[in-house]
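Below is one structure, written out as structure tokens; comments come after it.
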Amino acid sequence: MDSQDFAPLVADRVRLRPLSSSDASDHARWRNDPEVAYWATAADPNFGPVAEAAVERWFLEKLPGLDPRAAGVLAVDLLDGRHIGMVDYRDLDTVVRSATVGITIGEKDLWGAGYGTEALSLLIEHLFSRLNLRRLQLDTWSGNERAIRAFRRLGFEEEGRLRDAVHGPGGYYDSVIMGLLRRDWRSRERDGSPS
């Protein structure tokens, strides 16, 4: 995502901004942390351990070439500037006006405190308002119940399962597909549902 074309998105406790090469060491640390990888690996088998040099190379070579019309990756920061994770969108379909979203909060001391929900809420609003999308989806694995609860709080509904489609920590899990429509997101806003 071109940082010159993207003003940070700010909520009560977090902000989203384009990733920069200075974020590479945090991402390498998260990918090499067994506990962070435990929760991310089943949904993304490529998340696991990687050399810091490979992460730095991706940040220098691949990140600048991402086409925001097809995919985007944004850093999640606390308002004090601490980099805590990332959100992304991909598989952007301009005909159906849909995309797949994802989130990783890498700083374990902040898990369960709602920062991921707030960050994903910012991304959802951006995609529905600024990119005029109508539908978002995400996938996770059935063992990640904390994430599923957070996604439901944002209005995502389970739309299907692929049984035993994920090999993760301790065995096989279902891949859980969840979706959110813009009209349902707007309805929640009108009703004052928490996001």
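Every chain in the structure tokens takes a letter, A first, then B, and so on in the order presented; its residues are numbered from 1, and the ligands are numbered from 1 following the presented order.
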
Just the strand (DSSP E) stuff from range 27-152 of chain A, please, per backbone DSSP, written as number ranges by chain. A: 72-78, 83-93, 98-105, 135-141

Neighbour list for Thr100 in chain A as a ChimeraX atom specification, cut-off 8 Å, only C-alpha atoms, skip fewer than 4 positions in-chain: /A:89-92,136-138

For the residues in the current selection, export C-alpha atoms as a PDB file, in the first residue's frame.
ATOM      1  CA  TYR A  89      -6.910  -7.760   3.036  1.00  0.00           C
ATOM      2  CA  ARG A  90      -6.445  -9.879  -0.067  1.00  0.00           C
ATOM      3  CA  ASP A  91      -8.370 -11.637  -2.841  1.00  0.00           C
ATOM      4  CA  LEU A  92     -10.039  -8.327  -3.658  1.00  0.00           C
ATOM      5  CA  LEU A 136     -15.792  -9.437   3.699  1.00  0.00           C
ATOM      6  CA  GLN A 137     -14.782 -12.906   4.715  1.00  0.00           C
ATOM      7  CA  LEU A 138     -12.134 -14.515   6.819  1.00  0.00           C
TER       8      LEU A 138
END

Using only C-alpha atoms, can you tell me which of A:Arg153, A:Arg17, A:Arg146, A:Arg57 comes closest to Asp88 in chain A?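 Comparing A:Arg153, A:Arg17, A:Arg146, A:Arg57 against Asp88 in chain A, the winner is A:Arg17.
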
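Using only C-alpha atoms for every distance, the candidate list A:Leu181, A:Ile84, A:Leu19, A:Leu110 yields A:Leu181 as the residue closest to Leu127 in chain A.
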
Can you list, as a tab-separated table (two decimals) with all heavy atoms, in the first residue's frame, every protein, DNA or RNA residue that comes within 10 Å of Glu157 in chain A when you count only C-alpha atoms, leaving out same-chain residues fewer than 5 positions away?
chain	number	residue	atom	x	y	z
A	137	GLN	N	-14.81	-11.58	4.10
A	137	GLN	CA	-14.78	-12.91	4.71
A	137	GLN	C	-13.42	-13.13	5.34
A	137	GLN	O	-12.47	-12.39	5.09
A	137	GLN	CB	-15.12	-14.00	3.72
A	137	GLN	CG	-14.02	-14.39	2.77
A	137	GLN	CD	-14.45	-15.58	1.92
A	137	GLN	OE1	-15.55	-15.60	1.39
A	137	GLN	NE2	-13.58	-16.55	1.78
A	148	ILE	N	-12.69	-16.69	17.07
A	148	ILE	CA	-14.06	-16.85	16.58
A	148	ILE	C	-15.02	-15.96	17.38
A	148	ILE	O	-15.89	-15.29	16.82
A	148	ILE	CB	-14.48	-18.33	16.62
A	148	ILE	CG1	-13.67	-19.12	15.58
A	148	ILE	CG2	-15.98	-18.49	16.40
A	148	ILE	CD1	-13.81	-20.62	15.67
A	151	PHE	N	-14.52	-12.36	16.25
A	151	PHE	CA	-15.10	-12.11	14.93
A	151	PHE	C	-16.63	-12.02	15.02
A	151	PHE	O	-17.25	-11.18	14.36
A	151	PHE	CB	-14.69	-13.21	13.94
A	151	PHE	CG	-13.20	-13.32	13.73
A	151	PHE	CD1	-12.61	-14.55	13.51
A	151	PHE	CD2	-12.38	-12.20	13.78
A	151	PHE	CE1	-11.24	-14.66	13.31
A	151	PHE	CE2	-11.01	-12.30	13.59
A	151	PHE	CZ	-10.43	-13.53	13.35
A	152	ARG	N	-17.23	-12.85	15.85
A	152	ARG	CA	-18.69	-12.79	16.02
A	152	ARG	C	-19.11	-11.45	16.64
A	152	ARG	O	-20.14	-10.89	16.28
A	152	ARG	CB	-19.17	-13.95	16.89
A	152	ARG	CG	-19.21	-15.25	16.14
A	152	ARG	CD	-19.89	-16.35	16.94
A	152	ARG	NE	-20.00	-17.54	16.12
A	152	ARG	CZ	-19.60	-18.74	16.50
A	152	ARG	NH1	-19.10	-18.94	17.70
A	152	ARG	NH2	-19.72	-19.77	15.69
A	177	ILE	N	-15.12	-20.74	7.94
A	177	ILE	CA	-15.28	-19.61	7.02
A	177	ILE	C	-16.36	-18.70	7.60
A	177	ILE	O	-17.47	-19.15	7.90
A	177	ILE	CB	-15.72	-20.08	5.62
A	177	ILE	CG1	-14.86	-21.24	5.12
A	177	ILE	CG2	-15.73	-18.90	4.64
A	177	ILE	CD1	-13.40	-20.97	5.01
A	178	MET	N	-16.03	-17.41	7.75
A	178	MET	CA	-16.98	-16.45	8.31
A	178	MET	C	-17.12	-15.27	7.36
A	178	MET	O	-16.16	-14.91	6.67
A	178	MET	CB	-16.51	-15.99	9.69
A	178	MET	CG	-16.32	-17.14	10.68
A	178	MET	SD	-15.79	-16.60	12.32
A	178	MET	CE	-17.39	-16.10	13.00
A	179	GLY	N	-18.31	-14.68	7.31
A	179	GLY	CA	-18.56	-13.57	6.41
A	179	GLY	C	-19.29	-12.44	7.09
A	179	GLY	O	-19.99	-12.63	8.09
A	180	LEU	N	-19.11	-11.24	6.53
A	180	LEU	CA	-19.78	-10.03	7.02
A	180	LEU	C	-20.20	-9.21	5.81
A	180	LEU	O	-19.38	-8.92	4.94
A	180	LEU	CB	-18.81	-9.22	7.90
A	180	LEU	CG	-19.30	-7.86	8.40
A	180	LEU	CD1	-20.50	-8.02	9.34
A	180	LEU	CD2	-18.16	-7.12	9.10
A	181	LEU	N	-21.48	-8.83	5.77
A	181	LEU	CA	-22.00	-7.98	4.71
A	181	LEU	C	-22.07	-6.53	5.19
A	181	LEU	O	-22.34	-6.27	6.36
A	181	LEU	CB	-23.39	-8.43	4.28
A	181	LEU	CG	-23.49	-9.87	3.77
A	181	LEU	CD1	-24.94	-10.20	3.43
A	181	LEU	CD2	-22.59	-10.08	2.56

Report as a list in words all protein, DNA and RNA residues lying within 8 Å of Ile103 in chain A, evaluated on only C-alpha atoms, omitting residues in the same chain fewer than 5 positions from it.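 Counting only the stated atoms, we get Gly85, Met86, Val87, Asp88, Gly116 and Leu120 of chain A.
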
For the selection just defined, write its residues with C-alpha atoms to a file, as a tab-separated table (two decimals), in the first residue's frame.
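Saved file again-v7.tsv follows:
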chain	number	residue	atom	x	y	z
A	85	GLY	CA	0.52	-6.48	14.92
A	86	MET	CA	-0.96	-6.26	11.47
A	87	VAL	CA	-4.21	-6.48	9.55
A	88	ASP	CA	-4.51	-7.35	5.90
A	116	GLY	CA	-7.35	-6.84	17.66
A	120	LEU	CA	-10.12	-5.14	12.61

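Relative to CA of Thr104 in chain A, CA of Trp39 in chain A is found at 9.1 Å.
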
For CA of Val101 in chain A and CA of Ala53 in chain A, determine how far apart the two atoms are, in Å to one decimal place.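 Spanning CA of Val101 in chain A to CA of Ala53 in chain A is a straight-line distance of 26.3 Å.
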
12 Å contact set for Val176 in chain A, only C-alpha atoms, chain neighbours under 3 positions out, as a PyMOL selection string: chain A and resi 42-43+137-145+147-148+151+156-166+173+179

When DSSP works through the backbone of this structure, what residues of range 30-168 of chain A end up as helix (DSSP H, G or I), shown as a count of residues only? 50

For Gly114 in chain A, which of A:Arg149, A:Arg97, A:Gly102, A:Asp184 is the closest residue, counting only C-alpha atoms?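 Of A:Arg149, A:Arg97, A:Gly102, A:Asp184, the one nearest Gly114 in chain A, counting only C-alpha atoms, is A:Arg149.
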
Hey, what's within 12 Å of Val50 in chain A if we count only C-alpha atoms and toss same-chain stuff fewer than 6 positions away? As a ChimeraX atom specification, please? /A:24-25,27-34,37,56-58

Quick one: residues within 10 Å of Ala11 in chain A, only C-alpha atoms, excluding same-chain residues fewer than 6 positions away - as a list in words? Leu78, Leu79, Glu118, Ala119, Ser121 and Leu122 of chain A

Just checking: using only C-alpha atoms, which residue out of A:Pro18, A:Gly168, A:Gly106, A:Gly81 ends up closest to Phe59 in chain A?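 Distance minimum relative to Phe59 in chain A lands on A:Pro18.
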